[in-house]
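Step one of this worksheet: look at the structure below.
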There are 2 protein chains.
Amino acid sequence: MSRESAFIDRLREIATHPAARGLRDDAAVLGGLVLTHDMIVEGVHFLPHDPPEDVAWKLVATNLSDLAAKGARPVGALLGCGLGGADEDWDYMFLSGLKTACERFALPLLGGDTVSMPRGAPRTFGLTALGAGSPDAPARDGAGPDDILWVTGTIGDAGLGLAIAQGEDGPRALIDRYRRPEPRLEAGRAIAPLAHAMMDVSDGLLIDASRMAEASGVGLNMDLDAVPLSALAIGHAGEDRAARLRAATAGDDYELLFATPATAAEDILRLRQDLGLRITLVGRFRLWPGLSVHDVEGMVPLPRRLGYEHDRR
Amino acid sequence: MSRESAFIDRLREIATHPAARGLRDDAAVLGGLVLTHDMIVEGVHFLPHDPPEDVAWKLVATNLSDLAAKGARPVGALLGCGLGGADEDWDYMFLSGLKTACERFALPLLGGDTVSMPRGAPRTFGLTALGAGSPDAPARDGAGPDDILWVTGTIGDAGLGLAIAQGEDGPRALIDRYRRPEPRLEAGRAIAPLAHAMMDVSDGLLIDASRMAEASGVGLNMDLDAVPLSALAIGHAGEDRAARLRAATAGDDYELLFATPATAAEDILRLRQDLGLRITLVGRFRLWPGLSVHDVEGMVPLPRRLGYEHDRR
């Protein structure tokens, strides 16, 4: 077990309040308040040469994605800044990206703390986002054995974008999907009342879907052919089994993954139209545990790596 | 101007929501919610050889002191942990101190994030504390020119404790006052409805009092002889003018400093009895700006350093 996992296990012994949801959900839900905190560290979550505006955007967007997954409306944020490096221009470009993101999502910046890291230490940021939602916000462990699994938007663009940012040839528009994810706030609020379970896809569709199934104590069969790919992604990487597996195991999508009863399908299809957003049926839960994946050719052997696993870092 | 101050000035241009209070208060106040976030970094706010239990306690206690200064009751916290160093025992001692503090203050740990810092980077923690208070929570800028200034508890113990922790001879009980501050939560709730302005004393009595006066657009005359010293502090360092100036310019007290109309004096004295806590009248505000200090011998020349100034770090 990694040091982080062992630490979080011990934290669980302290975080016994029901609102903490056993530290296993995207966010804490305290009455109608939804709360999340993410930390990003230079050299771990972003690189010194990443555009600072994008670092700030992504910090805000990924936190808001956690709120979106609980169907919450953002009401404010607190920012912890550990400034570092010799380049003060970096700070101002970061602030410019922060301003853009706060304006884009109508997110009031309410407070926080700013400190200087010791010389040579990495820049470190923490963002707490606060949302207004329902005390019944969908958890990630509520999927039933007869439920069906949906995902918003398209999957795999960010993973391709990361590879392109790292030097692979390909369209720059995919890099934006990696650097400037769009939290599905409106969709999350519309979907939450219909969902038995909801989470965001941050580590990869297959791994996150299997986590939802496991947390819910059910199994899952996914249709690889149904995994929604963008035209850009298909143009760049194709849509054969290998391309689909690559998309379904790449991270950083920040789309919403949710379970509903099969009877809710018509409501979801109507929502899709209202929101003007792709929402795709990608799997069915079942009683017996485990994940299986199929496509038109039959059962798909599971890749060794289903997505980004924090424990194996 | 320091890099931090310049950064915070730019942050203010983003944090325009009234709840942010211009980033000049101890906490944000959003309706009945009071929110604060503090960040601590190894090598800046604590040292590698500081007891990890005390590091955790102080992180919790200083955040709750911000809530106390707004008269709020703690309802939960989110913790960001950047783990570092080779010594995993440190992590568990930190968690043990965290558990002690959360239990002591009935503070539910609701969530957060745990990451590993890159090799060699300092341990870094961020705590967001959430409180329930009044939308009219006292700000630090509400003191009027005829108000009087009070402080809870005793002043200067933590400063003496820090010197003893660093090798000076003296009673170990003073070290506890430095390492294990007690947020004045009960007192804060009782005082808030009576206070025109309130803040906690974290950087030193003189500097924090002068900040309250400046923020309120008034001046202040303080009585150095009135500054409340503990018997321990007097036994260790005496109570002459120099000892009192040392106490009034040392930081880390985490007592409450507040302004009331002179007519509230009787109520405060009654509160003092109910709470069983020293509450001492230490100054009077006035119309003309600036800080002056006197004692029985007359005007006290102001020391060059009124307390801990972040800008001069």
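Identifiers in the structure tokens: chain A, B, ... in order shown; residue index from 1 per chain; ligand index from 1 in order shown.
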
Using only C-alpha atoms, tabulate the residues of stretch 170-284 of chain A lying at most 9 Å from any atom of stretch 18-33 of chain A, each with its closest atom pair and that distance in Å to one decimal, by chain and increasing residue number, as a tab-separated table.
residue	atom	partner	partner_atom	distance
A:Met199	CA	A:Asp26	CA	6.6
A:Asp200	CA	A:Asp26	CA	7.7
A:Ala215	CA	A:Arg24	CA	8.6

Can you pull out the residues contacting B:Ala143? Cut-off 8 Å, using only C-alpha atoms, and skip same-chain residues under 4 positions away; I want them as number ranges by chain.
B: 147, 196-197, 212-213, 216, 218, 259-260, 285

Find the residues in chain A near chain B: any atom within 8 Å counts, using only C-alpha atoms. Write them as number ranges by chain.
A: 3-4, 7-8, 10-11, 14-17, 19-21, 23, 27-28, 35-39, 41, 43-44, 78-83, 88, 91-92, 95, 99, 108-118, 121-122, 126, 128

Quick one: everything within 10 Å of B:Thr152, counting only C-alpha atoms, minus sequence neighbours fewer than 5 positions away in the same chain. Send it as a PDB file with N, CA, C and O atoms, in the first residue's frame.
ATOM      1  N   ARG B 184     -10.302  30.794  21.596  1.00  0.00           N
ATOM      2  CA  ARG B 184     -11.299  31.286  22.558  1.00  0.00           C
ATOM      3  C   ARG B 184     -12.699  31.198  21.969  1.00  0.00           C
ATOM      4  O   ARG B 184     -13.379  32.224  21.784  1.00  0.00           O
ATOM      5  N   ALA B 187     -15.727  32.172  24.402  1.00  0.00           N
ATOM      6  CA  ALA B 187     -15.679  33.620  24.642  1.00  0.00           C
ATOM      7  C   ALA B 187     -16.070  34.383  23.374  1.00  0.00           C
ATOM      8  O   ALA B 187     -16.827  35.359  23.427  1.00  0.00           O
ATOM      9  N   GLY B 188     -15.575  33.934  22.231  1.00  0.00           N
ATOM     10  CA  GLY B 188     -15.877  34.612  20.974  1.00  0.00           C
ATOM     11  C   GLY B 188     -17.373  34.683  20.707  1.00  0.00           C
ATOM     12  O   GLY B 188     -17.903  35.723  20.309  1.00  0.00           O
ATOM     13  N   ASP B 200      -8.296  38.087  16.231  1.00  0.00           N
ATOM     14  CA  ASP B 200      -7.444  37.399  17.203  1.00  0.00           C
ATOM     15  C   ASP B 200      -6.050  38.023  17.198  1.00  0.00           C
ATOM     16  O   ASP B 200      -5.641  38.673  16.233  1.00  0.00           O
ATOM     17  N   VAL B 201      -5.358  37.873  18.316  1.00  0.00           N
ATOM     18  CA  VAL B 201      -4.000  38.407  18.444  1.00  0.00           C
ATOM     19  C   VAL B 201      -3.045  37.309  18.015  1.00  0.00           C
ATOM     20  O   VAL B 201      -2.821  36.350  18.740  1.00  0.00           O
ATOM     21  N   PRO B 228      -2.394  42.302  30.271  1.00  0.00           N
ATOM     22  CA  PRO B 228      -2.486  41.213  31.260  1.00  0.00           C
ATOM     23  C   PRO B 228      -1.352  40.205  31.100  1.00  0.00           C
ATOM     24  O   PRO B 228      -1.214  39.585  30.045  1.00  0.00           O
ATOM     25  N   ASP B 253      -0.257  34.615  20.527  1.00  0.00           N
ATOM     26  CA  ASP B 253      -1.104  34.559  21.716  1.00  0.00           C
ATOM     27  C   ASP B 253      -2.449  33.879  21.449  1.00  0.00           C
ATOM     28  O   ASP B 253      -2.960  33.159  22.280  1.00  0.00           O
ATOM     29  N   TYR B 254      -3.037  34.164  20.299  1.00  0.00           N
ATOM     30  CA  TYR B 254      -4.366  33.653  19.945  1.00  0.00           C
ATOM     31  C   TYR B 254      -5.414  33.973  20.998  1.00  0.00           C
ATOM     32  O   TYR B 254      -6.292  33.175  21.290  1.00  0.00           O
ATOM     33  N   GLU B 255      -5.290  35.167  21.573  1.00  0.00           N
ATOM     34  CA  GLU B 255      -6.359  35.715  22.417  1.00  0.00           C
ATOM     35  C   GLU B 255      -7.252  36.584  21.539  1.00  0.00           C
ATOM     36  O   GLU B 255      -6.922  36.839  20.379  1.00  0.00           O
ATOM     37  N   LEU B 256      -8.392  36.984  22.073  1.00  0.00           N
ATOM     38  CA  LEU B 256      -9.310  37.832  21.308  1.00  0.00           C
ATOM     39  C   LEU B 256      -9.149  39.299  21.689  1.00  0.00           C
ATOM     40  O   LEU B 256      -9.052  39.632  22.869  1.00  0.00           O
ATOM     41  N   LEU B 257      -9.121  40.127  20.679  1.00  0.00           N
ATOM     42  CA  LEU B 257      -8.977  41.568  20.839  1.00  0.00           C
ATOM     43  C   LEU B 257     -10.255  42.181  20.287  1.00  0.00           C
ATOM     44  O   LEU B 257     -10.633  41.897  19.147  1.00  0.00           O
ATOM     45  N   PHE B 258     -10.943  42.999  21.083  1.00  0.00           N
ATOM     46  CA  PHE B 258     -12.221  43.495  20.574  1.00  0.00           C
ATOM     47  C   PHE B 258     -12.560  44.878  21.108  1.00  0.00           C
ATOM     48  O   PHE B 258     -12.108  45.292  22.169  1.00  0.00           O
ATOM     49  N   ARG B 272     -17.086  38.242  31.831  1.00  0.00           N
ATOM     50  CA  ARG B 272     -15.821  37.775  32.380  1.00  0.00           C
ATOM     51  C   ARG B 272     -16.077  36.800  33.528  1.00  0.00           C
ATOM     52  O   ARG B 272     -15.438  35.753  33.628  1.00  0.00           O
ATOM     53  N   LEU B 277     -12.937  33.846  32.672  1.00  0.00           N
ATOM     54  CA  LEU B 277     -11.789  34.157  31.807  1.00  0.00           C
ATOM     55  C   LEU B 277     -11.419  35.621  32.009  1.00  0.00           C
ATOM     56  O   LEU B 277     -12.297  36.482  32.036  1.00  0.00           O
ATOM     57  N   ARG B 278     -10.122  35.879  32.168  1.00  0.00           N
ATOM     58  CA  ARG B 278      -9.691  37.273  32.250  1.00  0.00           C
ATOM     59  C   ARG B 278     -10.092  38.014  30.981  1.00  0.00           C
ATOM     60  O   ARG B 278      -9.860  37.524  29.872  1.00  0.00           O
ATOM     61  N   ILE B 279     -10.700  39.162  31.142  1.00  0.00           N
ATOM     62  CA  ILE B 279     -10.941  40.061  30.001  1.00  0.00           C
ATOM     63  C   ILE B 279     -10.536  41.439  30.492  1.00  0.00           C
ATOM     64  O   ILE B 279     -11.067  41.924  31.494  1.00  0.00           O
ATOM     65  N   THR B 280      -9.590  42.054  29.824  1.00  0.00           N
ATOM     66  CA  THR B 280      -8.943  43.251  30.365  1.00  0.00           C
ATOM     67  C   THR B 280      -9.077  44.427  29.410  1.00  0.00           C
ATOM     68  O   THR B 280      -8.856  44.289  28.203  1.00  0.00           O
ATOM     69  N   LEU B 281      -9.416  45.566  29.978  1.00  0.00           N
ATOM     70  CA  LEU B 281      -9.482  46.819  29.210  1.00  0.00           C
ATOM     71  C   LEU B 281      -8.058  47.314  28.988  1.00  0.00           C
ATOM     72  O   LEU B 281      -7.339  47.585  29.944  1.00  0.00           O
TER      73      LEU B 281
END

Step one, run DSSP on the backbone; step two, keep only residues of stretch 24-207 of chain B assigned to strand (DSSP E or B); then write them as a PyMOL selection string.
chain B and resi 28-30+33-42+46+73-83+109-116+124-132+147-152+197-201

Just the residues within 9 Å of A:Asp223, please, counting only C-alpha atoms, with nothing from its chain fewer than 3 positions along; format it as an MDAnalysis selection string.
chainID A and resid 226:227 281:284 292:296

Quick one: everything within 12 Å of B:His49, counting only C-alpha atoms, minus sequence neighbours fewer than 4 positions away in the same chain. Send it as a PyMOL selection string.
chain B and resi 42-43+53-55+85+87+90+165-166

Could you write out that same residue set with C-alpha atoms as a tab-separated table (two decimals), in the first residue's frame?
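Saved as result.tsv:
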chain	number	residue	atom	x	y	z
B	42	GLU	CA	7.86	23.07	7.11
B	43	GLY	CA	10.85	25.38	7.45
B	53	GLU	CA	1.42	16.35	17.37
B	54	ASP	CA	1.91	20.03	18.20
B	55	VAL	CA	2.15	21.01	14.52
B	85	GLY	CA	10.36	13.49	4.39
B	87	ASP	CA	10.08	9.50	8.30
B	90	TRP	CA	6.12	11.69	11.61
B	165	ALA	CA	11.76	26.21	23.13
B	166	GLN	CA	14.72	27.74	21.30

In Å, with one decimal, what is the gap from atom CA of A:Tyr308 to atom CA of A:Leu59?
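These atoms are spaced 18.0 Å apart.
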
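Here atom CA of A:Leu269 and atom CA of A:Glu182 stand 21.2 Å from one another.
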
For atom CA of B:Pro183 and atom CA of B:Asn63, the interatomic separation in Å (one decimal)
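Taking atom CA of B:Pro183 and atom CA of B:Asn63, their separation equals 8.4 Å.
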
Using DSSP on the backbone coordinates, identify all residues within stretch 144-178 of chain A classified as alpha helix (DSSP H); present the result as a PyMOL selection string.
chain A and resi 157-165+172-178
